[in-house]
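For reference, the structure is listed below as structure tokens.
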Amino acid sequence: MPSADRRLQPRRTPRQVRAELTRERVLTAAAHVFAEYGYAAGTTNRIAERARVSIGSLYQYFPNKDAILAELLVRHIDRGTWTRTDRLDLSPGSLEAAVRILVRDAIDNHRDDPQLLRIMIEQAPVSRELLDTMDRHSRTRGGEVRDFLARHPDVRVRDLDTAAELILFTVETNTHKLMADPRGVPVETFESELVDMVTRYLSGSP
């Protein structure tokens with residue numbers, strides 16, 4: 001493991017309820033501090049003060065604020081909730097409604113504080129845990145979307161694997177960008193345009 005990656009590893013895995021609560025307080029405080037002060041000014045001292053723990057206690061769990069931010073991003077990915085694709089309507093003519101559910105899931109998963117989301121996207125260092133989390137998410141969600149595409153009668157694509165990857169990347173990347181800076185396109189407009197684009201691609205409509 002490269003030394004840079006070791007620098008991002010949490011120092012201590014809580015084994016008792018009290019220790020886990022302390023770690024949670026540090027992460028919750030960090031999310032507020034980063035959103036309020038920005039990443040550069042969001043120091044570990046400010047995080048410890050907000051969490052009401054000593055700086056020494058903070059360092060028992062995380063070696064630096066980079067490791068804290070990396071953990072926040074891992075949790076952001078892991079805590080995303082998605083409508084199970086086996087619960088989507090598979091009747092003819094229902095493709096647009098199903099796509100809208102997938103797009104709305106992505107939007108809802110990114111409605112947290114836009115400042116914190118922007119910091120996580122722009123500043124979070126790439127740790128081994130983050131890469132593993134992203135890969136696990138991509139494989140799991142990609143498989144679910146591929147299965148849905150294979151079973152829906154309105155889908156007309158040549159390669160299901162490629163289509164599933166394209167949809168996930170397109171929906172999640174553009175949703176990240178919009179929700180991190182929501183001052184541009186209204187969310188409702190973004191949702192409708194993205195749903196229309198994905199539906200047309202999947203159905204082969206001109």
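Identifiers in this document derive from the order of the structure tokens: chains are assigned A, B, ..., residues are numbered from 1 separately in each chain, and ligands are numbered from 1 in order of occurrence.
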Task: Shell of 9 Å around Val155 (chain A), only C-alpha atoms, local chain residues under 2 positions omitted, as a ChimeraX atom specification - done: /A:95,149-153,157,199,201-204
TODO: Please report, as a VMD selection string, each residue of chain A to which DSSP assigns helix (DSSP H, G or I) when run on this structure's backbone.
DONE: chain A and resid 3 to 6 17 to 37 44 to 51 55 to 61 65 to 78 85 to 87 95 to 108 114 to 123 128 to 151 160 to 180 187 to 203
Would you save the residues of that selection, restricted to C-alpha atoms, as a compact mmCIF listing (two decimals), in the first residue's frame?
```txt
# COMPACT_ATOMS: atom_id res chain seq x y z
CA SER A 3 2.46 5.66 1.87
CA ALA A 4 0.01 8.29 0.56
CA ASP A 5 -2.78 5.76 0.90
CA ARG A 6 -1.71 4.83 4.42
CA VAL A 17 -20.35 1.58 21.44
CA ARG A 18 -18.83 4.63 23.14
CA ALA A 19 -15.88 4.67 20.78
CA GLU A 20 -18.15 4.32 17.75
CA LEU A 21 -20.29 7.22 18.99
CA THR A 22 -17.18 9.37 19.36
CA ARG A 23 -16.09 8.54 15.82
CA GLU A 24 -19.56 9.38 14.54
CA ARG A 25 -19.46 12.71 16.33
CA VAL A 26 -16.16 13.54 14.66
CA LEU A 27 -17.53 12.71 11.20
CA THR A 28 -20.76 14.64 11.79
CA ALA A 29 -18.82 17.63 13.09
CA ALA A 30 -16.46 17.50 10.13
CA ALA A 31 -19.36 17.59 7.66
CA HIS A 32 -20.67 20.76 9.32
CA VAL A 33 -17.25 22.38 9.60
CA PHE A 34 -16.30 21.71 5.98
CA ALA A 35 -19.66 23.04 4.77
CA GLU A 36 -19.38 26.15 6.97
CA TYR A 37 -15.72 27.08 6.62
CA THR A 44 -8.95 19.42 12.73
CA ASN A 45 -8.99 21.82 15.66
CA ARG A 46 -12.32 23.22 14.51
CA ILE A 47 -13.65 19.72 13.93
CA ALA A 48 -12.60 18.59 17.40
CA GLU A 49 -14.15 21.69 18.95
CA ARG A 50 -17.44 21.14 17.09
CA ALA A 51 -17.45 17.45 18.07
CA ILE A 55 -7.73 16.99 19.44
CA GLY A 56 -5.93 13.94 20.81
CA SER A 57 -9.15 11.94 20.73
CA LEU A 58 -9.75 12.98 17.12
CA TYR A 59 -6.28 11.81 16.14
CA GLN A 60 -6.97 8.43 17.73
CA TYR A 61 -9.44 7.83 14.90
CA LYS A 65 -8.58 15.92 7.80
CA ASP A 66 -7.87 14.26 4.44
CA ALA A 67 -8.70 10.90 6.01
CA ILE A 68 -11.89 12.35 7.48
CA LEU A 69 -13.03 13.74 4.14
CA ALA A 70 -12.22 10.45 2.40
CA GLU A 71 -14.38 8.62 4.94
CA LEU A 72 -17.24 11.10 4.43
CA LEU A 73 -17.18 10.42 0.69
CA VAL A 74 -17.13 6.65 1.21
CA ARG A 75 -20.18 6.98 3.45
CA HIS A 76 -21.90 9.24 0.95
CA ILE A 77 -21.60 6.50 -1.67
CA ASP A 78 -22.55 3.66 0.66
CA THR A 85 -34.95 -2.54 -10.26
CA ASP A 86 -37.04 -5.67 -9.73
CA ARG A 87 -39.77 -3.34 -8.44
CA LEU A 95 -39.88 2.90 -19.83
CA GLU A 96 -39.97 6.66 -19.30
CA ALA A 97 -41.59 6.30 -15.88
CA ALA A 98 -38.98 3.73 -14.83
CA VAL A 99 -36.12 5.94 -16.02
CA ARG A 100 -37.61 8.86 -14.08
CA ILE A 101 -37.48 6.79 -10.90
CA LEU A 102 -33.78 6.01 -11.47
CA VAL A 103 -32.95 9.67 -12.15
CA ARG A 104 -34.96 10.88 -9.17
CA ASP A 105 -33.15 8.39 -6.92
CA ALA A 106 -29.84 9.93 -7.99
CA ILE A 107 -31.11 13.45 -7.34
CA ASP A 108 -32.49 12.53 -3.91
CA PRO A 114 -24.30 21.49 -1.80
CA GLN A 115 -21.19 23.06 -0.32
CA LEU A 116 -20.18 19.79 1.36
CA LEU A 117 -21.00 17.83 -1.79
CA ARG A 118 -18.83 20.16 -3.86
CA ILE A 119 -15.96 19.80 -1.39
CA MET A 120 -16.23 16.00 -1.44
CA ILE A 121 -16.18 15.97 -5.23
CA GLU A 122 -13.35 18.47 -5.67
CA GLN A 123 -11.16 17.87 -2.62
CA ARG A 128 -7.97 2.47 -1.53
CA GLU A 129 -11.23 2.25 0.40
CA LEU A 130 -12.82 4.86 -1.85
CA LEU A 131 -11.75 3.03 -5.00
CA ASP A 132 -13.05 -0.26 -3.60
CA THR A 133 -16.35 1.38 -2.64
CA MET A 134 -16.78 2.92 -6.08
CA ASP A 135 -15.98 -0.38 -7.77
CA ARG A 136 -18.42 -2.27 -5.54
CA HIS A 137 -21.15 0.28 -6.18
CA SER A 138 -20.53 0.22 -9.93
CA ARG A 139 -20.65 -3.57 -10.12
CA THR A 140 -23.72 -3.94 -7.92
CA ARG A 141 -25.78 -1.13 -9.37
CA GLY A 142 -24.56 -1.81 -12.90
CA GLY A 143 -25.72 -5.41 -12.65
CA GLU A 144 -29.14 -4.32 -11.40
CA VAL A 145 -29.58 -1.79 -14.21
CA ARG A 146 -28.39 -4.30 -16.81
CA ASP A 147 -30.93 -6.83 -15.56
CA PHE A 148 -33.69 -4.23 -15.81
CA LEU A 149 -32.67 -3.32 -19.37
CA ALA A 150 -32.62 -6.98 -20.37
CA ARG A 151 -36.18 -7.51 -19.12
CA LEU A 160 -26.61 -4.22 -22.46
CA ASP A 161 -23.36 -4.05 -20.48
CA THR A 162 -22.24 -0.89 -22.24
CA ALA A 163 -25.70 0.66 -21.97
CA ALA A 164 -25.87 0.04 -18.22
CA GLU A 165 -22.43 1.63 -17.71
CA LEU A 166 -23.31 4.63 -19.87
CA ILE A 167 -26.55 5.25 -18.01
CA LEU A 168 -24.95 5.04 -14.57
CA PHE A 169 -22.08 7.32 -15.55
CA THR A 170 -24.31 9.84 -17.29
CA VAL A 171 -26.92 10.04 -14.56
CA GLU A 172 -24.57 10.09 -11.59
CA THR A 173 -21.91 12.41 -13.06
CA ASN A 174 -24.41 15.01 -14.22
CA THR A 175 -26.39 14.78 -10.99
CA HIS A 176 -23.22 15.32 -8.96
CA LYS A 177 -22.39 18.38 -11.03
CA LEU A 178 -25.84 19.93 -10.76
CA MET A 179 -26.48 19.27 -7.07
CA ALA A 180 -23.02 20.56 -6.10
CA VAL A 187 -33.67 20.60 -10.66
CA GLU A 188 -37.07 19.91 -12.25
CA THR A 189 -35.80 20.96 -15.68
CA PHE A 190 -32.65 18.90 -15.27
CA GLU A 191 -34.66 15.84 -14.29
CA SER A 192 -37.03 16.10 -17.27
CA GLU A 193 -34.24 16.64 -19.80
CA LEU A 194 -32.11 13.80 -18.43
CA VAL A 195 -35.08 11.42 -18.35
CA ASP A 196 -35.92 12.33 -21.95
CA MET A 197 -32.33 11.81 -23.11
CA VAL A 198 -31.90 8.42 -21.41
CA THR A 199 -35.33 7.19 -22.51
CA ARG A 200 -34.69 8.12 -26.13
CA TYR A 201 -31.32 6.37 -26.05
CA LEU A 202 -32.74 3.19 -24.56
CA SER A 203 -35.78 3.03 -26.80
```
Open item on the list: Can you measure CA of Gly42 (chain A) to CA of Ala124 (chain A) for me? One decimal in Å is fine.
Closed with: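 According to the coordinates, CA of Gly42 (chain A) and CA of Ala124 (chain A) are separated by 13.1 Å.
You can rank A:Asp159, A:Asp113, A:Asp154, A:Asp181 by their closest distance to Pro92 (chain A) using only C-alpha atoms, and at the top of that list sits A:Asp154.
Put simply, CA of Val53 (chain A) is 19.8 Å away from CA of Tyr39 (chain A).
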- [ ] State, in Å with one decimal place, the distance from CA of Arg156 (chain A) to CA of Trp82 (chain A).
- [x]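 Computing the Euclidean distance for CA of Arg156 (chain A) and CA of Trp82 (chain A) yields 23.5 Å.
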